[in-house]
>>> print(open('run_26.pdb').read())   # PDB, C-alpha atoms
ATOM      1  CA  MET A   1      22.127-108.042  37.466
ATOM      2  CA  ILE A   2      19.402-109.923  35.599
ATOM      3  CA  VAL A   3      19.646-110.085  31.804
ATOM      4  CA  PRO A   4      16.795-111.924  30.007
ATOM      5  CA  CYS A   5      17.804-113.322  26.595
ATOM      6  CA  TYR A   6      15.891-114.878  23.721
ATOM      7  CA  ASN A   7      17.818-115.678  20.543
ATOM      8  CA  GLU A   8      20.462-113.071  21.370
ATOM      9  CA  GLU A   9      23.716-114.898  20.603
ATOM     10  CA  GLU A  10      25.136-111.813  18.876
ATOM     11  CA  SER A  11      24.418-109.540  21.848
ATOM     12  CA  VAL A  12      25.571-111.625  24.817
ATOM     13  CA  GLU A  13      29.288-110.749  24.646
ATOM     14  CA  LEU A  14      28.624-107.208  23.378
ATOM     15  CA  PHE A  15      26.529-106.530  26.461
ATOM     16  CA  TYR A  16      29.165-108.018  28.759
ATOM     17  CA  THR A  17      31.918-105.905  27.161
ATOM     18  CA  GLU A  18      29.873-102.715  27.523
ATOM     19  CA  LEU A  19      28.944-103.535  31.100
ATOM     20  CA  MET A  20      32.556-104.174  32.101
ATOM     21  CA  LYS A  21      33.403-100.578  31.218
ATOM     22  CA  ASN A  22      31.889 -99.864  34.654
ATOM     23  CA  ASP A  23      34.066-102.480  36.390
ATOM     24  CA  SER A  24      36.437 -99.925  37.902
ATOM     25  CA  PHE A  25      33.415 -98.069  39.299
ATOM     26  CA  PHE A  26      32.101-101.289  40.878
ATOM     27  CA  HIS A  27      35.483-101.959  42.500
ATOM     28  CA  GLY A  28      35.720 -98.355  43.715
ATOM     29  CA  GLU A  29      32.300 -98.634  45.341
ATOM     30  CA  ASN A  30      33.123-102.080  46.819
ATOM     31  CA  ILE A  31      30.293-103.597  44.824
ATOM     32  CA  GLU A  32      30.368-107.373  44.432
ATOM     33  CA  LEU A  33      28.745-108.165  41.098
ATOM     34  CA  GLU A  34      26.617-111.158  40.127
ATOM     35  CA  LEU A  35      25.594-111.231  36.454
ATOM     36  CA  LEU A  36      22.741-113.634  35.696
ATOM     37  CA  TYR A  37      21.773-114.334  32.095
ATOM     38  CA  VAL A  38      18.327-115.946  31.791
ATOM     39  CA  ASP A  39      18.049-117.883  28.524
ATOM     40  CA  ASP A  40      14.354-117.947  27.647
ATOM     41  CA  GLY A  41      14.439-121.155  25.597
ATOM     42  CA  SER A  42      16.506-119.703  22.760
ATOM     43  CA  GLY A  43      16.798-121.628  19.505
ATOM     44  CA  ASP A  44      20.259-120.288  18.717
ATOM     45  CA  ARG A  45      23.607-120.383  20.575
ATOM     46  CA  THR A  46      22.696-117.882  23.298
ATOM     47  CA  ALA A  47      23.370-120.357  26.126
ATOM     48  CA  GLU A  48      26.713-121.405  24.585
ATOM     49  CA  GLU A  49      27.810-117.767  24.357
ATOM     50  CA  VAL A  50      26.991-117.266  28.038
ATOM     51  CA  LYS A  51      28.961-120.398  28.944
ATOM     52  CA  LYS A  52      32.021-118.901  27.222
ATOM     53  CA  LEU A  53      31.743-115.897  29.539
ATOM     54  CA  ILE A  54      31.326-118.149  32.579
ATOM     55  CA  LYS A  55      34.685-119.789  31.828
ATOM     56  CA  LYS A  56      36.510-116.454  31.977
ATOM     57  CA  ASP A  57      34.474-114.688  34.690
ATOM     58  CA  ASN A  58      33.068-116.543  37.682
ATOM     59  CA  ARG A  59      30.670-113.662  38.355
ATOM     60  CA  VAL A  60      28.610-114.716  35.324
ATOM     61  CA  HIS A  61      25.773-117.233  35.821
ATOM     62  CA  LEU A  62      23.143-118.857  33.631
ATOM     63  CA  VAL A  63      19.584-120.069  34.053
ATOM     64  CA  SER A  64      18.246-121.745  30.919
ATOM     65  CA  PHE A  65      14.561-122.604  30.358
ATOM     66  CA  SER A  66      13.209-125.844  28.898
ATOM     67  CA  ARG A  67      11.335-123.760  26.295
ATOM     68  CA  ASN A  68      10.335-120.169  25.580
ATOM     69  CA  PHE A  69       8.156-118.957  28.461
ATOM     70  CA  GLY A  70       8.331-115.233  27.649
ATOM     71  CA  LYS A  71      10.192-112.251  29.044
ATOM     72  CA  GLU A  72       7.905-111.914  32.056
ATOM     73  CA  ALA A  73       8.816-115.449  33.160
ATOM     74  CA  ALA A  74      12.514-114.733  32.492
ATOM     75  CA  MET A  75      12.459-111.633  34.699
ATOM     76  CA  TYR A  76      10.644-113.515  37.470
ATOM     77  CA  ALA A  77      13.166-116.378  37.277
ATOM     78  CA  GLY A  78      15.989-113.874  37.531
ATOM     79  CA  LEU A  79      14.486-112.256  40.601
ATOM     80  CA  GLU A  80      14.072-115.676  42.216
ATOM     81  CA  ASN A  81      17.654-116.768  41.554
ATOM     82  CA  VAL A  82      19.776-113.702  42.371
ATOM     83  CA  LYS A  83      21.082-113.098  45.870
ATOM     84  CA  GLY A  84      22.191-109.459  45.822
ATOM     85  CA  ASP A  85      21.158-106.714  48.235
ATOM     86  CA  TYR A  86      20.412-104.644  45.129
ATOM     87  CA  VAL A  87      19.013-106.022  41.890
ATOM     88  CA  VAL A  88      18.892-104.491  38.431
ATOM     89  CA  LEU A  89      16.940-105.697  35.376
ATOM     90  CA  MET A  90      18.503-104.974  31.968
ATOM     91  CA  ASP A  91      17.925-105.934  28.342
ATOM     92  CA  VAL A  92      20.829-107.614  26.569
ATOM     93  CA  ASP A  93      20.325-105.629  23.332
ATOM     94  CA  LEU A  94      21.951-102.520  24.900
ATOM     95  CA  GLN A  95      18.778-100.446  24.628
ATOM     96  CA  ASP A  96      19.228-100.185  28.391
ATOM     97  CA  PRO A  97      22.566 -98.322  28.559
ATOM     98  CA  PRO A  98      24.952 -99.716  31.225
ATOM     99  CA  SER A  99      26.493 -96.224  31.387
ATOM    100  CA  LEU A 100      23.519 -95.161  33.530
ATOM    101  CA  LEU A 101      24.408 -97.594  36.315
ATOM    102  CA  PRO A 102      26.739 -95.253  38.288
ATOM    103  CA  GLU A 103      24.026 -92.576  38.358
ATOM    104  CA  MET A 104      21.389 -95.148  39.378
ATOM    105  CA  ILE A 105      23.548 -96.411  42.233
ATOM    106  CA  SER A 106      24.201 -92.820  43.319
ATOM    107  CA  CYS A 107      20.443 -92.179  43.467
ATOM    108  CA  MET A 108      19.933 -95.266  45.639
ATOM    109  CA  LYS A 109      22.310 -93.764  48.185
ATOM    110  CA  GLN A 110      19.889 -90.842  48.517
ATOM    111  CA  GLY A 111      17.348 -93.140  50.139
ATOM    112  CA  TYR A 112      15.320 -94.389  47.186
ATOM    113  CA  ASP A 113      14.019 -97.968  47.085
ATOM    114  CA  SER A 114      14.077 -98.075  43.304
ATOM    115  CA  VAL A 115      15.616 -96.198  40.396
ATOM    116  CA  ALA A 116      13.629 -96.654  37.193
ATOM    117  CA  THR A 117      14.243 -95.466  33.639
ATOM    118  CA  ARG A 118      11.976 -94.093  30.934
ATOM    119  CA  ARG A 119      12.499 -93.053  27.341
ATOM    120  CA  VAL A 120      11.610 -89.466  26.536
ATOM    121  CA  SER A 121      11.550 -90.240  22.814
ATOM    122  CA  ARG A 122      10.735 -93.243  20.615
ATOM    123  CA  LYS A 123      13.098 -92.392  17.790
ATOM    124  CA  GLY A 124      13.631 -95.358  15.501
ATOM    125  CA  GLU A 125      10.311 -97.034  16.317
ATOM    126  CA  PRO A 126       7.504 -97.368  13.738
ATOM    127  CA  PRO A 127       5.158 -94.350  14.154
ATOM    128  CA  ILE A 128       2.016 -96.477  14.516
ATOM    129  CA  ARG A 129       3.653 -98.496  17.292
ATOM    130  CA  SER A 130       4.644 -95.338  19.167
ATOM    131  CA  PHE A 131       1.142 -93.901  18.714
ATOM    132  CA  PHE A 132      -0.599 -96.932  20.217
ATOM    133  CA  ALA A 133       1.963 -97.151  23.044
ATOM    134  CA  ARG A 134       1.113 -93.591  24.101
ATOM    135  CA  ILE A 135      -2.612 -94.345  23.829
ATOM    136  CA  PHE A 136      -2.136 -97.383  26.077
ATOM    137  CA  TYR A 137      -0.411 -95.424  28.856
ATOM    138  CA  ARG A 138      -3.001 -92.644  28.701
ATOM    139  CA  LEU A 139      -5.759 -95.226  28.952
ATOM    140  CA  MET A 140      -4.119 -96.962  31.933
ATOM    141  CA  LYS A 141      -3.848 -93.657  33.789
ATOM    142  CA  LYS A 142      -7.617 -93.276  33.502
ATOM    143  CA  ILE A 143      -8.785 -96.818  34.237
ATOM    144  CA  SER A 144      -6.180 -98.097  36.724
ATOM    145  CA  LYS A 145      -5.134 -96.965  40.190
ATOM    146  CA  THR A 146      -1.644 -98.388  39.590
ATOM    147  CA  GLU A 147       0.956 -95.896  38.377
ATOM    148  CA  MET A 148       2.411 -96.695  34.939
ATOM    149  CA  MET A 149       4.800 -94.179  33.436
ATOM    150  CA  ASP A 150       4.733 -93.497  29.696
ATOM    151  CA  GLY A 151       7.956 -94.706  28.114
ATOM    152  CA  ALA A 152       8.918 -96.767  31.171
ATOM    153  CA  ARG A 153      11.495 -99.490  30.606
ATOM    154  CA  ASP A 154      12.034-102.697  32.571
ATOM    155  CA  TYR A 155      15.527-101.283  33.265
ATOM    156  CA  ARG A 156      15.296-100.721  37.015
ATOM    157  CA  LEU A 157      17.498-100.934  40.100
ATOM    158  CA  MET A 158      15.743-102.170  43.253
ATOM    159  CA  THR A 159      16.427-102.940  46.883
ATOM    160  CA  ARG A 160      16.108-106.483  48.186
ATOM    161  CA  GLN A 161      12.961-105.424  50.064
ATOM    162  CA  MET A 162      11.263-104.374  46.830
ATOM    163  CA  VAL A 163      12.412-107.540  45.041
ATOM    164  CA  ASP A 164      10.918-109.687  47.818
ATOM    165  CA  ALA A 165       7.651-107.751  47.515
ATOM    166  CA  ILE A 166       7.545-108.480  43.765
ATOM    167  CA  LEU A 167       8.305-112.166  44.356
ATOM    168  CA  SER A 168       5.406-112.368  46.799
ATOM    169  CA  MET A 169       3.098-111.719  43.816
ATOM    170  CA  GLN A 170       3.186-115.204  42.305
ATOM    171  CA  GLU A 171       0.440-114.682  39.731
ATOM    172  CA  TYR A 172       0.777-116.630  36.470
ATOM    173  CA  ASN A 173      -0.427-113.782  34.223
ATOM    174  CA  ARG A 174       2.333-111.267  34.874
ATOM    175  CA  PHE A 175       2.589-107.649  33.772
ATOM    176  CA  THR A 176       5.743-106.424  35.470
ATOM    177  CA  LYS A 177       5.341-102.744  34.580
ATOM    178  CA  GLY A 178       2.097-102.799  36.557
ATOM    179  CA  ILE A 179       3.586-104.887  39.376
ATOM    180  CA  PHE A 180       6.377-102.329  39.854
ATOM    181  CA  GLY A 181       3.768 -99.638  40.383
ATOM    182  CA  TRP A 182       1.467-101.786  42.523
ATOM    183  CA  VAL A 183       4.078-102.725  45.143
ATOM    184  CA  GLY A 184       4.895 -99.037  45.573
ATOM    185  CA  PHE A 185       8.160 -97.999  47.283
ATOM    186  CA  ARG A 186       9.956 -94.706  46.737
ATOM    187  CA  THR A 187      11.087 -94.488  43.118
ATOM    188  CA  LYS A 188      13.411 -92.116  41.279
ATOM    189  CA  TRP A 189      12.914 -91.771  37.517
ATOM    190  CA  LEU A 190      15.818 -91.261  35.113
ATOM    191  CA  GLU A 191      15.100 -90.118  31.572
ATOM    192  CA  TYR A 192      17.112 -90.814  28.435
ATOM    193  CA  GLU A 193      16.753 -90.738  24.660
ATOM    194  CA  ASN A 194      15.740 -93.927  22.913
ATOM    195  CA  ILE A 195      18.663 -96.158  21.869
ATOM    196  CA  GLU A 196      18.320 -98.632  19.022
ATOM    197  CA  ARG A 197      19.338-102.272  19.348
ATOM    198  CA  ALA A 198      23.023-103.081  18.985
ATOM    199  CA  LYS A 199      22.397-106.334  17.104
ATOM    200  CA  GLY A 200      19.521-108.453  15.854
ATOM    201  CA  GLU A 201      15.836-107.607  15.570
ATOM    202  CA  THR A 202      13.161-106.985  18.173
ATOM    203  CA  LYS A 203      11.088-109.991  19.224
ATOM    204  CA  TRP A 204       8.090-107.760  19.918
ATOM    205  CA  SER A 205       5.751-107.571  16.913
ATOM    206  CA  PHE A 206       2.763-105.207  16.905
ATOM    207  CA  TRP A 207       0.442-108.159  17.575
ATOM    208  CA  LYS A 208       2.511-109.345  20.574
ATOM    209  CA  LEU A 209       2.504-105.822  22.014
ATOM    210  CA  LEU A 210      -1.273-105.609  21.538
ATOM    211  CA  VAL A 211      -1.788-108.901  23.402
ATOM    212  CA  TYR A 212       0.638-107.711  26.112
ATOM    213  CA  SER A 213      -1.311-104.464  26.527
ATOM    214  CA  ILE A 214      -4.561-106.429  26.966
ATOM    215  CA  GLU A 215      -2.719-108.458  29.605
ATOM    216  CA  GLY A 216      -1.883-105.237  31.425
ATOM    217  CA  ILE A 217      -5.433-103.878  31.230
ATOM    218  CA  THR A 218      -7.046-107.058  32.567
ATOM    219  CA  ALA A 219      -4.369-107.469  35.260
ATOM    220  CA  PHE A 220      -4.669-103.981  36.750
ATOM    221  CA  SER A 221      -8.154-102.715  35.976
ATOM    222  CA  THR A 222     -11.748-103.955  36.249
ATOM    223  CA  VAL A 223     -13.110-100.951  34.348
ATOM    224  CA  PRO A 224     -13.734-103.033  31.176
ATOM    225  CA  LEU A 225     -16.141-105.188  33.199
ATOM    226  CA  LEU A 226     -17.899-102.041  34.401
ATOM    227  CA  LEU A 227     -18.047-100.820  30.796
ATOM    228  CA  ALA A 228     -19.761-104.059  29.739
ATOM    229  CA  SER A 229     -22.347-103.632  32.529
ATOM    230  CA  VAL A 230     -22.981 -99.978  31.655
ATOM    231  CA  LEU A 231     -23.458-100.794  27.966
ATOM    232  CA  GLY A 232     -25.939-103.512  28.922
ATOM    233  CA  VAL A 233     -27.981-101.083  31.049
ATOM    234  CA  LEU A 234     -27.908 -98.353  28.377
ATOM    235  CA  PHE A 235     -29.137-100.692  25.658
ATOM    236  CA  CYS A 236     -31.914-102.003  27.928
ATOM    237  CA  LEU A 237     -33.057 -98.415  28.564
ATOM    238  CA  LEU A 238     -32.827 -97.592  24.862
ATOM    239  CA  ALA A 239     -34.889-100.664  23.988
ATOM    240  CA  PHE A 240     -37.538 -99.722  26.588
ATOM    241  CA  VAL A 241     -37.795 -96.167  25.205
ATOM    242  CA  MET A 242     -38.094 -97.449  21.643
ATOM    243  CA  ILE A 243     -40.843 -99.890  22.641
ATOM    244  CA  LEU A 244     -42.822 -97.039  24.192
ATOM    245  CA  PHE A 245     -42.246 -94.944  21.060
ATOM    246  CA  VAL A 246     -43.553 -97.697  18.782
ATOM    247  CA  ILE A 247     -46.643 -98.318  20.949
ATOM    248  CA  ILE A 248     -47.537 -94.608  21.217
ATOM    249  CA  ARG A 249     -46.972 -94.070  17.507
ATOM    250  CA  LYS A 250     -49.295 -96.974  16.707
ATOM    251  CA  LEU A 251     -52.025 -95.811  19.128
ATOM    252  CA  ILE A 252     -51.982 -92.151  18.067
ATOM    253  CA  PHE A 253     -51.185 -92.296  14.365
ATOM    254  CA  GLY A 254     -52.114 -95.862  13.552
ATOM    255  CA  ASP A 255     -48.839 -96.044  11.634
ATOM    256  CA  PRO A 256     -47.281 -99.493  11.516
ATOM    257  CA  VAL A 257     -43.509 -99.612  11.893
ATOM    258  CA  SER A 258     -41.737-100.375   8.625
ATOM    259  CA  GLY A 259     -38.176-100.565   7.345
ATOM    260  CA  TRP A 260     -36.383-103.894   7.481
ATOM    261  CA  ALA A 261     -33.016-102.257   6.650
ATOM    262  CA  SER A 262     -32.987-100.101   9.790
ATOM    263  CA  GLN A 263     -34.101-103.099  11.840
ATOM    264  CA  VAL A 264     -31.234-105.233  10.539
ATOM    265  CA  CYS A 265     -28.725-102.450  11.311
ATOM    266  CA  ILE A 266     -30.020-102.174  14.874
ATOM    267  CA  MET A 267     -29.839-105.947  15.335
ATOM    268  CA  LEU A 268     -26.265-106.029  14.045
ATOM    269  CA  LEU A 269     -25.288-103.144  16.353
ATOM    270  CA  ILE A 270     -26.761-104.774  19.438
ATOM    271  CA  GLY A 271     -25.307-108.152  18.462
ATOM    272  CA  GLY A 272     -21.870-106.580  18.032
ATOM    273  CA  VAL A 273     -22.057-104.918  21.447
ATOM    274  CA  GLN A 274     -23.123-108.219  23.013
ATOM    275  CA  PHE A 275     -20.170-110.052  21.476
ATOM    276  CA  PHE A 276     -17.847-107.221  22.593
ATOM    277  CA  CYS A 277     -19.076-107.496  26.191
ATOM    278  CA  THR A 278     -18.872-111.288  26.074
ATOM    279  CA  GLY A 279     -15.283-110.956  24.837
ATOM    280  CA  ILE A 280     -14.416-108.741  27.818
ATOM    281  CA  LEU A 281     -15.871-111.305  30.211
ATOM    282  CA  GLY A 282     -14.012-114.039  28.331
ATOM    283  CA  GLN A 283     -10.671-112.303  28.831
ATOM    284  CA  TYR A 284     -11.121-112.102  32.588
ATOM    285  CA  LEU A 285     -12.411-115.683  32.713
ATOM    286  CA  ALA A 286      -9.374-116.892  30.717
ATOM    287  CA  LYS A 287      -6.988-115.174  33.141
ATOM    288  CA  THR A 288      -8.813-116.720  36.095
ATOM    289  CA  TYR A 289      -8.652-120.145  34.406
ATOM    290  CA  MET A 290      -4.869-119.889  33.985
ATOM    291  CA  GLU A 291      -4.411-118.742  37.586
ATOM    292  CA  VAL A 292      -6.405-121.586  39.196
ATOM    293  CA  LYS A 293      -4.461-124.247  37.273
ATOM    294  CA  LYS A 294      -1.384-123.289  39.338
ATOM    295  CA  ARG A 295       1.098-124.139  36.593
ATOM    296  CA  PRO A 296       4.711-123.079  37.228
ATOM    297  CA  ILE A 297       5.692-119.760  35.676
ATOM    298  CA  TYR A 298       8.787-121.369  34.114
ATOM    299  CA  LEU A 299      10.739-124.659  34.002
ATOM    300  CA  VAL A 300      14.537-124.765  34.239
ATOM    301  CA  LYS A 301      16.546-126.974  31.893
ATOM    302  CA  GLU A 302      20.004-125.946  33.082
ATOM    303  CA  LYS A 303      21.464-123.796  35.830
ATOM    304  CA  ILE A 304      25.131-122.832  36.114
TER     305      ILE A 304
END
>>> encode(input="run_26.pdb", output="structure tokens")
Amino acid sequence: MIVPCYNEEESVELFYTELMKNDSFFHGENIELELLYVDDGSGDRTAEEVKKLIKKDNRVHLVSFSRNFGKEAAMYAGLENVKGDYVVLMDVDLQDPPSLLPEMISCMKQGYDSVATRRVSRKGEPPIRSFFARIFYRLMKKISKTEMMDGARDYRLMTRQMVDAILSMQEYNRFTKGIFGWVGFRTKWLEYENIERAKGETKWSFWKLLVYSIEGITAFSTVPLLLASVLGVLFCLLAFVMILFVIIRKLIFGDPVSGWASQVCIMLLIGGVQFFCTGILGQYLAKTYMEVKKRPIYLVKEKI
């Protein structure tokens, strides 16, 4: 079990207590448990709280980063450091209910390579955030060949084969929801109602989610680049037609073209489209720049 944490000192023991309610099930199924907390450079006592659990349960482990590298890096570090035949990713805030684990394990016995979860409601979330989240998933269905399920969580149980496939994708700019879909494998989806955090506040602001969505679009679709090319061609054609119109109007009617206001509006429109297309190219160039530098995805400060 991989549990990424960032400033979650209040949730560490709560999560462990809730998870251990399934302990009798694990023993009954002869499941040997390894619980790995990944401390993503927390500024509070998250690591110390995990160390308290380690003292009383040798199944608990800790990987602590040198600084905050982000949840994507934390999940990747977890996948690299666990040894189980089956691996599950879970959030420490209890929005991923441990009570689903018996059902997930039961589904794996039916021959699935992965059991994933999705929320069927977004109760408790700000309406504007929910609206844009739905827009994002609808957009990705149209512009990407990779399957991304609306409401999908990172809460997922996987076979070792699928984990190894994910680890083989060592890209620096990671969007795990897309990677899950890209590697494929037979997946069973479990649905549940949204559950609010047990403690603390979400670390995902609207701006961070917007940046993360752009990460997903550029990682799993080249349609924005095609859009920039199409806009360029359309504006070239429009300009050519307008030039012909002006010439014919002058030759036939002898009417000079006037109206500086309309001209300024057209210039601003075309300039805006040019900057928009340049921005699209810049995003892809920035991702390429980060990839070719070959920096490590994370750095470990402490491992227990």
>>> atom_distance(input="run_26.pdb", atom1="atom CA of Met75 of chain A", atom2="atom CA of Pro4 of chain A")
6.4 Å
>>> atom_distance(input="run_26.pdb", atom1="atom CA of Ala239 of chain A", atom2="atom CA of Leu285 of chain A")
28.4 Å
>>> closest_residue(input="run_26.pdb", among="A:Thr117, A:Gln263, A:Ser144, A:Thr218", to="Thr187 of chain A", atoms="only C-alpha atoms")
A:Thr117
>>> resolve_selection(input="run_26.pdb", expression="the PyMOL selection byres ((chain A and resi 86-99) around 6)", output="PyMOL selection string")
chain A and resi 1-3+11+15+19+84-85+100-101+155-160+195-198
>>> closest_residue(input="run_26.pdb", among="A:Tyr6, A:Phe180, A:Phe131, A:Phe65", to="Ala116 of chain A", atoms="all atoms listed in the file")
A:Phe180
>>> atom_distance(input="run_26.pdb", atom1="atom CA of Val63 of chain A", atom2="atom CA of Arg45 of chain A")
14.1 Å
>>> resolve_selection(input="run_26.pdb", expression="the PyMOL selection byres ((chain A and resi 175) around 9)", output="list of chain:residue names")
A:Glu72, A:Asn173, A:Arg174, A:Thr176, A:Lys177, A:Gly178, A:Ile179, A:Phe180, A:Tyr212, A:Ser213, A:Glu215, A:Gly216, A:Ala219, A:Phe220
>>> write_last_selection(input="run_26.pdb", atoms="C-alpha atoms", output="mmCIF file, in the coordinates of the input")
data_model
loop_
_atom_site.group_PDB
_atom_site.id
_atom_site.type_symbol
_atom_site.label_atom_id
_atom_site.label_comp_id
_atom_site.auth_asym_id
_atom_site.auth_seq_id
_atom_site.Cartn_x
_atom_site.Cartn_y
_atom_site.Cartn_z
ATOM 1 C CA GLU A 72 7.905 -111.914 32.056
ATOM 2 C CA ASN A 173 -0.427 -113.782 34.223
ATOM 3 C CA ARG A 174 2.333 -111.267 34.874
ATOM 4 C CA THR A 176 5.743 -106.424 35.470
ATOM 5 C CA LYS A 177 5.341 -102.744 34.580
ATOM 6 C CA GLY A 178 2.097 -102.799 36.557
ATOM 7 C CA ILE A 179 3.586 -104.887 39.376
ATOM 8 C CA PHE A 180 6.377 -102.329 39.854
ATOM 9 C CA TYR A 212 0.638 -107.711 26.112
ATOM 10 C CA SER A 213 -1.311 -104.464 26.527
ATOM 11 C CA GLU A 215 -2.719 -108.458 29.605
ATOM 12 C CA GLY A 216 -1.883 -105.237 31.425
ATOM 13 C CA ALA A 219 -4.369 -107.469 35.260
ATOM 14 C CA PHE A 220 -4.669 -103.981 36.750
#
>>> residues_around(input="run_26.pdb", residues="segment 289-293 of chain A", least_positions_apart="5", cutoff="10 Å", atoms="all atoms listed in the file", output="PyMOL selection string")
chain A and resi 170-173+283-284
>>> closest_residue(input="run_26.pdb", among="A:Ala152, A:Leu14, A:Val230, A:Val60", to="Tyr192 of chain A", atoms="all atoms listed in the file")
A:Ala152
>>> closest_residue(input="run_26.pdb", among="A:Asp164, A:Glu32, A:Asp154, A:Glu147", to="Lys71 of chain A", atoms="all atoms listed in the file")
A:Asp154
